[in-house]
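A.B. asks: query-v5.pdb is the file, holding PDB, C-alpha atoms and all ligand atoms:
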```pdb
ATOM      1  CA  MET C  16      75.513 -96.592  25.305
ATOM      2  CA  GLY C  17      77.023 -93.092  25.469
ATOM      3  CA  ARG C  18      77.552 -90.964  22.407
ATOM      4  CA  LEU C  19      81.342 -90.914  22.981
ATOM      5  CA  GLU C  20      81.763 -94.535  24.069
ATOM      6  CA  GLY C  21      85.329 -95.711  23.458
ATOM      7  CA  ARG C  22      86.505 -92.275  22.308
ATOM      8  CA  THR C  23      89.471 -90.401  23.772
ATOM      9  CA  ALA C  24      89.277 -86.641  24.333
ATOM     10  CA  VAL C  25      91.475 -83.782  25.498
ATOM     11  CA  VAL C  26      89.700 -80.744  26.949
ATOM     12  CA  THR C  27      91.937 -77.733  27.535
ATOM     13  CA  GLY C  28      90.866 -75.397  30.326
ATOM     14  CA  GLY C  29      88.713 -78.210  31.675
ATOM     15  CA  ALA C  30      89.232 -77.536  35.378
ATOM     16  CA  ARG C  31      86.400 -75.013  35.655
ATOM     17  CA  GLY C  32      83.621 -73.195  33.813
ATOM     18  CA  ILE C  33      82.599 -74.307  30.331
ATOM     19  CA  GLY C  34      85.565 -76.690  29.997
ATOM     20  CA  ARG C  35      84.633 -78.466  33.203
ATOM     21  CA  ALA C  36      81.028 -78.887  32.012
ATOM     22  CA  ILE C  37      82.353 -80.326  28.727
ATOM     23  CA  ALA C  38      84.674 -82.760  30.515
ATOM     24  CA  GLU C  39      81.848 -83.937  32.821
ATOM     25  CA  LEU C  40      79.438 -84.407  29.911
ATOM     26  CA  PHE C  41      82.031 -86.248  27.795
ATOM     27  CA  LEU C  42      82.779 -88.572  30.725
ATOM     28  CA  ALA C  43      79.057 -89.225  31.207
ATOM     29  CA  GLU C  44      78.842 -90.063  27.477
ATOM     30  CA  GLY C  45      81.564 -92.712  27.830
ATOM     31  CA  ALA C  46      84.711 -90.874  26.686
ATOM     32  CA  GLN C  47      88.151 -91.211  28.246
ATOM     33  CA  VAL C  48      88.910 -87.590  29.037
ATOM     34  CA  THR C  49      92.194 -85.819  29.715
ATOM     35  CA  VAL C  50      91.994 -82.282  31.091
ATOM     36  CA  TRP C  51      94.827 -79.857  30.461
ATOM     37  CA  ASP C  52      94.725 -76.834  32.758
ATOM     38  CA  LEU C  53      97.007 -74.528  34.717
ATOM     39  CA  GLU C  54      95.698 -75.823  38.059
ATOM     40  CA  PRO C  55      93.749 -78.979  37.276
ATOM     41  CA  GLY C  56      92.889 -79.738  40.915
ATOM     42  CA  GLU C  57      92.214 -83.085  42.526
ATOM     43  CA  PRO C  58      90.575 -86.112  40.861
ATOM     44  CA  ARG C  59      88.596 -86.585  44.124
ATOM     45  CA  ALA C  60      86.669 -83.377  43.437
ATOM     46  CA  TRP C  61      84.982 -84.877  40.350
ATOM     47  CA  PRO C  62      81.575 -86.536  40.557
ATOM     48  CA  GLY C  63      81.768 -90.117  39.268
ATOM     49  CA  ARG C  64      84.712 -91.221  37.135
ATOM     50  CA  PRO C  65      87.368 -88.484  37.071
ATOM     51  CA  PRO C  66      89.327 -87.429  33.984
ATOM     52  CA  ALA C  67      93.119 -87.631  33.790
ATOM     53  CA  LEU C  68      94.221 -84.243  35.081
ATOM     54  CA  GLU C  69      97.405 -82.699  33.718
ATOM     55  CA  ARG C  70      99.039 -79.414  34.639
ATOM     56  CA  VAL C  71      99.602 -77.751  31.248
ATOM     57  CA  ASP C  72     100.020 -74.136  30.203
ATOM     58  CA  VAL C  73      98.633 -74.008  26.662
ATOM     59  CA  ALA C  74     100.560 -70.776  26.060
ATOM     60  CA  ASP C  75     103.867 -72.519  26.807
ATOM     61  CA  HIS C  76     105.088 -74.561  23.846
ATOM     62  CA  ALA C  77     107.343 -76.851  25.907
ATOM     63  CA  SER C  78     104.559 -77.607  28.392
ATOM     64  CA  VAL C  79     102.194 -78.585  25.566
ATOM     65  CA  VAL C  80     104.764 -80.749  23.763
ATOM     66  CA  VAL C  81     105.626 -82.652  26.958
ATOM     67  CA  ALA C  82     101.926 -83.233  27.749
ATOM     68  CA  ALA C  83     101.243 -84.464  24.209
ATOM     69  CA  ALA C  84     104.159 -86.906  24.477
ATOM     70  CA  ARG C  85     102.802 -88.175  27.848
ATOM     71  CA  LEU C  86      99.392 -88.740  26.264
ATOM     72  CA  GLY C  87     101.038 -90.602  23.374
ATOM     73  CA  GLU C  88     102.561 -93.032  25.881
ATOM     74  CA  ARG C  89      99.156 -94.177  27.152
ATOM     75  CA  ALA C  90      96.821 -93.646  24.157
ATOM     76  CA  ASP C  91      97.068 -95.044  20.633
ATOM     77  CA  ALA C  92      95.004 -92.226  19.180
ATOM     78  CA  LEU C  93      93.140 -89.049  20.074
ATOM     79  CA  ASP C  94      89.577 -88.741  18.785
ATOM     80  CA  VAL C  95      88.473 -85.347  20.127
ATOM     81  CA  LEU C  96      90.386 -82.172  20.930
ATOM     82  CA  VAL C  97      88.467 -79.307  22.537
ATOM     83  CA  ASN C  98      90.504 -76.095  22.505
ATOM     84  CA  ASN C  99      88.509 -74.399  25.251
ATOM     85  CA  ALA C 100      91.211 -72.771  27.458
ATOM     86  CA  GLY C 101      90.838 -69.022  27.278
ATOM     87  CA  VAL C 102      91.410 -65.773  29.135
ATOM     88  CA  ASN C 103      90.265 -62.193  28.999
ATOM     89  CA  LEU C 104      91.624 -59.103  30.727
ATOM     90  CA  VAL C 105      89.910 -58.108  33.951
ATOM     91  CA  ARG C 106      90.055 -54.464  32.929
ATOM     92  CA  SER C 107      88.837 -53.437  29.468
ATOM     93  CA  PRO C 108      91.573 -51.157  28.073
ATOM     94  CA  THR C 109      90.666 -49.147  24.998
ATOM     95  CA  LEU C 110      93.052 -48.904  22.053
ATOM     96  CA  ARG C 111      94.815 -45.912  23.628
ATOM     97  CA  ASP C 112      95.884 -47.673  26.798
ATOM     98  CA  LEU C 113      96.111 -51.375  25.882
ATOM     99  CA  SER C 114      99.651 -52.450  26.823
ATOM    100  CA  ALA C 115     101.821 -54.790  24.750
ATOM    101  CA  GLU C 116     101.916 -57.161  27.705
ATOM    102  CA  GLU C 117      98.113 -57.264  27.987
ATOM    103  CA  TRP C 118      97.796 -57.886  24.249
ATOM    104  CA  ARG C 119     100.296 -60.747  24.370
ATOM    105  CA  SER C 120      98.795 -62.339  27.481
ATOM    106  CA  VAL C 121      95.458 -62.806  25.707
ATOM    107  CA  LEU C 122      96.757 -63.730  22.244
ATOM    108  CA  ASP C 123      99.261 -66.232  23.709
ATOM    109  CA  VAL C 124      96.530 -68.298  25.385
ATOM    110  CA  ASN C 125      93.502 -67.903  23.110
ATOM    111  CA  LEU C 126      95.160 -67.975  19.696
ATOM    112  CA  THR C 127      98.692 -69.368  20.031
ATOM    113  CA  GLY C 128      97.490 -71.867  22.653
ATOM    114  CA  THR C 129      94.851 -73.187  20.250
ATOM    115  CA  LEU C 130      97.479 -73.500  17.512
ATOM    116  CA  GLN C 131     100.152 -75.228  19.562
ATOM    117  CA  CYS C 132      97.819 -77.719  21.276
ATOM    118  CA  THR C 133      96.446 -78.731  17.889
ATOM    119  CA  GLN C 134      99.887 -79.015  16.304
ATOM    120  CA  ALA C 135     101.250 -81.089  19.169
ATOM    121  CA  LEU C 136      98.271 -83.468  19.138
ATOM    122  CA  LEU C 137      97.954 -83.787  15.370
ATOM    123  CA  PRO C 138      99.964 -87.037  15.104
ATOM    124  CA  LEU C 139      97.557 -88.664  17.604
ATOM    125  CA  LEU C 140      94.490 -87.165  15.861
ATOM    126  CA  PHE C 141      95.705 -88.623  12.559
ATOM    127  CA  ARG C 142      95.497 -92.083  14.153
ATOM    128  CA  SER C 143      91.777 -91.641  14.913
ATOM    129  CA  ALA C 144      89.210 -93.143  12.560
ATOM    130  CA  ALA C 145      87.117 -89.953  12.850
ATOM    131  CA  GLY C 146      88.981 -87.078  14.502
ATOM    132  CA  ARG C 147      87.149 -84.019  15.831
ATOM    133  CA  ILE C 148      88.539 -80.614  16.730
ATOM    134  CA  VAL C 149      86.264 -78.132  18.498
ATOM    135  CA  ASN C 150      87.650 -74.612  18.908
ATOM    136  CA  PHE C 151      86.292 -71.785  21.050
ATOM    137  CA  SER C 152      85.529 -68.363  19.634
ATOM    138  CA  SER C 153      83.133 -65.746  21.075
ATOM    139  CA  VAL C 154      80.407 -63.337  19.950
ATOM    140  CA  LEU C 155      82.962 -60.649  20.818
ATOM    141  CA  ALA C 156      84.806 -61.713  17.629
ATOM    142  CA  LEU C 157      81.769 -60.540  15.667
ATOM    143  CA  LYS C 158      80.575 -57.483  17.574
ATOM    144  CA  GLY C 159      82.624 -54.390  18.299
ATOM    145  CA  VAL C 160      82.628 -53.967  22.074
ATOM    146  CA  ARG C 161      84.751 -51.219  23.647
ATOM    147  CA  GLY C 162      87.869 -52.373  25.450
ATOM    148  CA  GLN C 163      87.973 -55.813  23.813
ATOM    149  CA  SER C 164      90.733 -55.386  21.183
ATOM    150  CA  ALA C 165      92.888 -58.288  22.327
ATOM    151  CA  TYR C 166      90.045 -60.694  23.087
ATOM    152  CA  ALA C 167      88.156 -59.885  19.862
ATOM    153  CA  ALA C 168      91.314 -60.271  17.764
ATOM    154  CA  SER C 169      92.183 -63.594  19.391
ATOM    155  CA  LYS C 170      88.684 -65.005  18.950
ATOM    156  CA  ALA C 171      88.373 -63.751  15.351
ATOM    157  CA  GLY C 172      91.701 -65.494  14.732
ATOM    158  CA  VAL C 173      90.235 -68.727  16.071
ATOM    159  CA  LEU C 174      87.379 -68.463  13.559
ATOM    160  CA  GLY C 175      89.966 -68.144  10.784
ATOM    161  CA  LEU C 176      92.012 -71.092  12.035
ATOM    162  CA  THR C 177      88.846 -73.202  12.159
ATOM    163  CA  ARG C 178      88.068 -72.621   8.483
ATOM    164  CA  VAL C 179      91.661 -73.198   7.328
ATOM    165  CA  TRP C 180      92.046 -76.385   9.372
ATOM    166  CA  ALA C 181      88.676 -77.716   8.153
ATOM    167  CA  ARG C 182      90.117 -77.530   4.609
ATOM    168  CA  GLU C 183      93.550 -78.892   5.537
ATOM    169  CA  LEU C 184      92.391 -81.768   7.749
ATOM    170  CA  GLY C 185      89.146 -82.755   6.001
ATOM    171  CA  PRO C 186      90.925 -85.084   3.579
ATOM    172  CA  ARG C 187      92.257 -86.951   6.653
ATOM    173  CA  GLY C 188      88.701 -87.451   7.961
ATOM    174  CA  ILE C 189      89.032 -84.831  10.710
ATOM    175  CA  THR C 190      86.253 -82.274  11.208
ATOM    176  CA  VAL C 191      87.115 -78.841  12.608
ATOM    177  CA  ASN C 192      84.390 -76.634  14.038
ATOM    178  CA  CYS C 193      83.995 -73.746  16.382
ATOM    179  CA  VAL C 194      81.628 -72.930  19.227
ATOM    180  CA  VAL C 195      80.715 -69.244  19.469
ATOM    181  CA  PRO C 196      79.291 -68.602  22.944
ATOM    182  CA  GLY C 197      77.403 -65.481  23.957
ATOM    183  CA  TYR C 198      77.205 -64.338  27.586
ATOM    184  CA  ILE C 199      77.765 -67.401  29.792
ATOM    185  CA  GLU C 200      77.756 -67.226  33.592
ATOM    186  CA  THR C 201      81.326 -68.280  34.540
ATOM    187  CA  HIS C 202      84.407 -67.076  36.417
ATOM    188  CA  MET C 203      85.571 -65.302  33.244
ATOM    189  CA  ASN C 204      82.742 -62.788  33.568
ATOM    190  CA  ARG C 205      83.324 -62.086  37.272
ATOM    191  CA  ALA C 206      84.478 -58.533  36.553
ATOM    192  CA  VAL C 207      81.592 -57.606  34.231
ATOM    193  CA  SER C 208      79.612 -54.804  35.900
ATOM    194  CA  SER C 209      75.908 -55.277  36.510
ATOM    195  CA  VAL C 210      75.254 -52.422  34.055
ATOM    196  CA  ALA C 211      77.277 -54.076  31.260
ATOM    197  CA  ARG C 212      75.669 -57.431  32.064
ATOM    198  CA  GLY C 213      72.213 -55.837  31.814
ATOM    199  CA  VAL C 214      73.050 -54.350  28.408
ATOM    200  CA  LEU C 215      74.333 -57.712  27.102
ATOM    201  CA  LEU C 216      71.262 -59.562  28.337
ATOM    202  CA  SER C 217      68.918 -56.925  26.873
ATOM    203  CA  HIS C 218      70.521 -57.642  23.463
ATOM    204  CA  THR C 219      70.173 -61.404  23.973
ATOM    205  CA  ALA C 220      66.963 -62.609  22.303
ATOM    206  CA  LEU C 221      66.252 -65.030  25.168
ATOM    207  CA  ARG C 222      66.923 -62.248  27.754
ATOM    208  CA  ARG C 223      69.121 -64.387  29.969
ATOM    209  CA  ALA C 224      72.685 -65.633  30.370
ATOM    210  CA  GLY C 225      73.615 -69.097  29.145
ATOM    211  CA  SER C 226      74.992 -71.847  31.369
ATOM    212  CA  ALA C 227      78.219 -73.801  30.937
ATOM    213  CA  GLU C 228      76.114 -76.959  30.531
ATOM    214  CA  GLU C 229      74.232 -75.463  27.573
ATOM    215  CA  VAL C 230      77.533 -74.749  25.824
ATOM    216  CA  ALA C 231      78.799 -78.235  26.681
ATOM    217  CA  ARG C 232      75.811 -79.827  24.943
ATOM    218  CA  ALA C 233      76.596 -77.921  21.720
ATOM    219  CA  CYS C 234      80.221 -79.037  21.996
ATOM    220  CA  LEU C 235      79.098 -82.651  22.459
ATOM    221  CA  PHE C 236      77.094 -82.416  19.236
ATOM    222  CA  LEU C 237      80.173 -81.241  17.305
ATOM    223  CA  ALA C 238      82.360 -83.917  18.945
ATOM    224  CA  SER C 239      79.942 -86.774  18.299
ATOM    225  CA  GLY C 240      78.935 -88.859  15.300
ATOM    226  CA  ASP C 241      75.797 -86.689  14.998
ATOM    227  CA  ALA C 242      77.987 -84.005  13.377
ATOM    228  CA  SER C 243      79.817 -86.357  10.990
ATOM    229  CA  PHE C 244      79.221 -84.067   7.947
ATOM    230  CA  VAL C 245      79.700 -80.733   9.773
ATOM    231  CA  SER C 246      83.079 -79.052   9.254
ATOM    232  CA  GLY C 247      84.283 -75.462   9.134
ATOM    233  CA  ALA C 248      81.138 -74.368  10.977
ATOM    234  CA  ALA C 249      80.696 -71.747  13.688
ATOM    235  CA  LEU C 250      77.916 -72.848  16.030
ATOM    236  CA  HIS C 251      76.482 -69.872  17.908
ATOM    237  CA  VAL C 252      75.378 -70.712  21.442
ATOM    238  CA  ASP C 253      74.326 -67.237  22.451
ATOM    239  CA  GLY C 254      70.579 -67.137  23.035
ATOM    240  CA  GLY C 255      70.232 -64.975  19.924
ATOM    241  CA  LEU C 256      72.784 -62.298  20.949
ATOM    242  CA  SER C 257      74.327 -62.254  17.459
ATOM    243  CA  ALA C 258      71.025 -62.658  15.587
TER     244      ALA C 258
HETATM  245  N1  LIG L 301      82.018 -67.137  29.691
HETATM  246  C1  LIG L 301      81.636 -66.516  28.564
HETATM  247  O1  LIG L 301      80.721 -65.672  28.569
HETATM  248  C2  LIG L 301      82.309 -66.841  27.263
HETATM  249  C3  LIG L 301      81.809 -66.241  26.096
HETATM  250  C4  LIG L 301      82.401 -66.508  24.882
HETATM  251  C5  LIG L 301      83.487 -67.379  24.809
HETATM  252  N2  LIG L 301      83.964 -67.940  25.951
HETATM  253  C6  LIG L 301      85.117 -68.832  25.822
HETATM  254  O2  LIG L 301      84.832 -70.091  26.401
HETATM  255  C7  LIG L 301      86.037 -70.685  26.888
HETATM  256  C8  LIG L 301      85.848 -71.087  28.353
HETATM  257  O3  LIG L 301      85.622 -69.913  29.115
HETATM  258  P1  LIG L 301      84.994 -69.922  30.584
HETATM  259  O4  LIG L 301      83.921 -68.904  30.600
HETATM  260  O5  LIG L 301      84.709 -71.308  31.030
HETATM  261  O6  LIG L 301      86.237 -69.315  31.402
HETATM  262  P2  LIG L 301      86.826 -69.691  32.848
HETATM  263  O7  LIG L 301      87.721 -68.568  33.187
HETATM  264  O8  LIG L 301      85.719 -70.036  33.787
HETATM  265  O9  LIG L 301      87.651 -71.022  32.557
HETATM  266  C9  LIG L 301      88.775 -71.003  31.722
HETATM  267  C10 LIG L 301      89.658 -72.194  32.057
HETATM  268  O10 LIG L 301      90.819 -72.106  31.203
HETATM  269  C11 LIG L 301      91.972 -72.319  32.012
HETATM  270  N3  LIG L 301      93.146 -71.657  31.428
HETATM  271  C12 LIG L 301      93.365 -70.325  31.311
HETATM  272  N4  LIG L 301      94.568 -70.093  30.801
HETATM  273  C13 LIG L 301      95.143 -71.300  30.580
HETATM  274  C14 LIG L 301      96.404 -71.723  30.090
HETATM  275  N5  LIG L 301      97.337 -70.830  29.731
HETATM  276  N6  LIG L 301      96.647 -73.051  29.998
HETATM  277  C15 LIG L 301      95.719 -73.961  30.393
HETATM  278  N7  LIG L 301      94.510 -73.619  30.878
HETATM  279  C16 LIG L 301      94.233 -72.307  30.979
HETATM  280  C17 LIG L 301      91.603 -71.728  33.368
HETATM  281  O11 LIG L 301      92.465 -72.196  34.401
HETATM  282  C18 LIG L 301      90.160 -72.186  33.503
HETATM  283  O12 LIG L 301      90.069 -73.470  34.070
HETATM  284  C19 LIG L 301      87.132 -69.637  26.683
HETATM  285  O13 LIG L 301      87.825 -69.902  25.484
HETATM  286  C20 LIG L 301      86.354 -68.345  26.560
HETATM  287  O14 LIG L 301      87.068 -67.365  25.854
HETATM  288  C21 LIG L 301      83.418 -67.706  27.176
END
```
Translate this file's structure into structure tokens.
Ligand SMILES: NC(=O)c1ccc[n+]([C@@H]2O[C@H](COP(=O)([O-])OP(=O)(O)OC[C@H]3O[C@@H](n4cnc5c(N)ncnc54)[C@H](O)[C@@H]3O)[C@@H](O)[C@H]2O)c1
C.D. replies:
Amino acid sequence: MGRLEGRTAVVTGGARGIGRAIAELFLAEGAQVTVWDLEPGEPRAWPGRPPALERVDVADHASVVVAAARLGERADALDVLVNNAGVNLVRSPTLRDLSAEEWRSVLDVNLTGTLQCTQALLPLLFRSAAGRIVNFSSVLALKGVRGQSAYAASKAGVLGLTRVWARELGPRGITVNCVVPGYIETHMNRAVSSVARGVLLSHTALRRAGSAEEVARACLFLASGDASFVSGAALHVDGGLSA
């Protein structure tokens, strides 16, 4: 019997990278998974039982509200929400040349997207016997890295939201936690130079990058009954980068 047998889950940004690994693991553990992503792709491309794939822009309030209403038509309750969708800028503008548009493009997805997905799905989460929200921060919220103003601010904001929501939703039986990944080998890091990558890995205690599957396993812990008394926590999955 899987650890998420009979549970319903929404994974934002689940079409690729860490989100995809989470969706695959949740499915393998028995959950009914809905993926919200900009380009969710074809169900055929999934090994085994596919998730429900929905085209949703988490930064667009109307898109999120419509998707939440669609989910409400086919599910009585939502047990797990994973706010994984995220972006970073390909270039790393310092404070002097960060544009307002660049700032907004990151904050809109990482911070506002997390807020509006959670708000829209709250009525369904309230109907769960044991709701779970897993947010996604980053070690870059904790360490000052040049050129990361927008990303660091958005991910530090997610840490704050996690603590506030843990307090607000705890009395309703909902836990709210945050995964804090270090350097994970995904599409998001495609523009990281080999020099910068080398520096990051030299500061990582385990001296290697993490995989999407390793992050997914931490997320499964927080989403499962194993973490029934864990709320407001930030779980670092960074090979010791922030140690
Ligand atoms: N890769 C890392 O090293 C790393 C480190 C720390 C934190 N994170 C965080 O982990 C999460 C997953 O990152 P990843 O490395 O898998 O990135 P990725 O770029 O491989 O995947 C991100 C997914 O989010 C989707 N997405 C982006 N904008 C969206 C939007 N507006 N609406 C819906 N979906 C959207 C993309 O289409 C994609 O499928 C992100 O929140 C990221 O900030 C990643």
A.B. asks: How far is it from atom CA of C:Leu137 to atom CA of C:Arg18, in Å with one decimal?
C.D. replies: 22.7 Å
A.B. asks: Nearest to ligand LIG 301 (chain L) among C:Ser120, C:Ser143, C:Asn99, C:Ser114, with distances taken over only C-alpha atoms and all ligand atoms: which residue is it?
C.D. replies: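 Comparing C:Ser120, C:Ser143, C:Asn99, C:Ser114 against ligand LIG 301 (chain L), the winner is C:Asn99.
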A.B. asks: I need the residue set behind the PyMOL selection byres (((chain C and resi 67) around 8) and not hetatm) for this file; please write it as a PyMOL selection string.
C.D. replies: chain C and resi 48-50+58+65-66+68-69
A.B. asks: Just write the chosen residues, C-alpha atoms, as a CSV table (one decimal), in the coordinates of the input.
C.D. replies:
```csv
chain,number,residue,atom,x,y,z
C,48,VAL,CA,88.9,-87.6,29.0
C,49,THR,CA,92.2,-85.8,29.7
C,50,VAL,CA,92.0,-82.3,31.1
C,58,PRO,CA,90.6,-86.1,40.9
C,65,PRO,CA,87.4,-88.5,37.1
C,66,PRO,CA,89.3,-87.4,34.0
C,68,LEU,CA,94.2,-84.2,35.1
C,69,GLU,CA,97.4,-82.7,33.7
```
A.B. asks: Once the PyMOL selection byres (((not hetatm)) within 8 of (chain L and resi 301)) is applied to the coordinates I shared, what remains selected? I want it as a PyMOL selection string.
C.D. replies: chain C and resi 27-35+51-55+70-75+98-103+123-125+128+151-155+166+170+195-204+225+227
A.B. asks: Keeping only C-alpha atoms, take the residues you just selected and write them out as a CSV table (one decimal), keeping the file's coordinate frame.
C.D. replies:
```
chain,number,residue,atom,x,y,z
C,27,THR,CA,91.9,-77.7,27.5
C,28,GLY,CA,90.9,-75.4,30.3
C,29,GLY,CA,88.7,-78.2,31.7
C,30,ALA,CA,89.2,-77.5,35.4
C,31,ARG,CA,86.4,-75.0,35.7
C,32,GLY,CA,83.6,-73.2,33.8
C,33,ILE,CA,82.6,-74.3,30.3
C,34,GLY,CA,85.6,-76.7,30.0
C,35,ARG,CA,84.6,-78.5,33.2
C,51,TRP,CA,94.8,-79.9,30.5
C,52,ASP,CA,94.7,-76.8,32.8
C,53,LEU,CA,97.0,-74.5,34.7
C,54,GLU,CA,95.7,-75.8,38.1
C,55,PRO,CA,93.7,-79.0,37.3
C,70,ARG,CA,99.0,-79.4,34.6
C,71,VAL,CA,99.6,-77.8,31.2
C,72,ASP,CA,100.0,-74.1,30.2
C,73,VAL,CA,98.6,-74.0,26.7
C,74,ALA,CA,100.6,-70.8,26.1
C,75,ASP,CA,103.9,-72.5,26.8
C,98,ASN,CA,90.5,-76.1,22.5
C,99,ASN,CA,88.5,-74.4,25.3
C,100,ALA,CA,91.2,-72.8,27.5
C,101,GLY,CA,90.8,-69.0,27.3
C,102,VAL,CA,91.4,-65.8,29.1
C,103,ASN,CA,90.3,-62.2,29.0
C,123,ASP,CA,99.3,-66.2,23.7
C,124,VAL,CA,96.5,-68.3,25.4
C,125,ASN,CA,93.5,-67.9,23.1
C,128,GLY,CA,97.5,-71.9,22.7
C,151,PHE,CA,86.3,-71.8,21.0
C,152,SER,CA,85.5,-68.4,19.6
C,153,SER,CA,83.1,-65.7,21.1
C,154,VAL,CA,80.4,-63.3,20.0
C,155,LEU,CA,83.0,-60.6,20.8
C,166,TYR,CA,90.0,-60.7,23.1
C,170,LYS,CA,88.7,-65.0,19.0
C,195,VAL,CA,80.7,-69.2,19.5
C,196,PRO,CA,79.3,-68.6,22.9
C,197,GLY,CA,77.4,-65.5,24.0
C,198,TYR,CA,77.2,-64.3,27.6
C,199,ILE,CA,77.8,-67.4,29.8
C,200,GLU,CA,77.8,-67.2,33.6
C,201,THR,CA,81.3,-68.3,34.5
C,202,HIS,CA,84.4,-67.1,36.4
C,203,MET,CA,85.6,-65.3,33.2
C,204,ASN,CA,82.7,-62.8,33.6
C,225,GLY,CA,73.6,-69.1,29.1
C,227,ALA,CA,78.2,-73.8,30.9
```
A.B. asks: Could you pull out every residue with an atom within 10 Å of (91.4, -73.9, 12.3), file coordinates, counting all atoms listed in the file, and send them as a PyMOL selection string?
C.D. replies: chain C and resi 129-130+133+148-150+172-184+190-193+247
A.B. asks: Written as a list in words, what is the full residue list that the PyMOL selection byres (((chain C and resi 96) around 6) and not hetatm) yields on the file shown?
C.D. replies: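 Selected by the PyMOL selection byres (((chain C and resi 96) around 6) and not hetatm) here: Ala24, Val25, Val95, Val97 and Ile148 of chain C.
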A.B. asks: In Å to one decimal, how far is atom CA of C:Gly185 from atom CA of C:Val245?
C.D. replies: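 Between atom CA of C:Val245 and atom CA of C:Gly185 the gap works out to 10.4 Å.
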A.B. asks: Counting all atoms listed in the file, what is within 9 Å of C:Ala258, bar same-chain residues fewer than 5 positions away, as a list in words?
C.D. replies: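 Non-adjacent residues within range: Thr219, Ala220 and Asp253 of chain C.
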A.B. asks: Closest to C:Glu44 among C:Ser246, C:Thr109, C:Ser169, C:Ser239, using only C-alpha atoms?
C.D. replies: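 Result for the nearest residue to C:Glu44: C:Ser239.
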A.B. asks: Which is closest to C:Arg232 among C:Ala46, C:Leu40, C:Ala165, C:Ala135, if we use only C-alpha atoms?
C.D. replies: C:Leu40
A.B. asks: Using all atoms listed in the file, find the one residue out of C:Lys158, C:Gln163, C:Leu139, C:Ala144 that sits nearest to C:Leu104.
C.D. replies: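 With all atoms listed in the file as the atom set, the closest residue is C:Gln163.
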A.B. asks: Edge lengths and centre in Å to one decimal, as JSON, of the axis-aligned box that encloses all listed atoms of stretch 79-98 of chain C with 4 Å added on every side?
C.D. replies:
```
{"center_x": 97.0, "center_y": -85.6, "center_z": 23.3, "size_x": 25.2, "size_y": 26.9, "size_z": 17.1}
```
A.B. asks: Using Å and a single decimal, report how far atom CA of C:Ala171 sits from atom CA of C:His251.
C.D. replies: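 Taking atom CA of C:His251 and atom CA of C:Ala171, their separation equals 13.6 Å.
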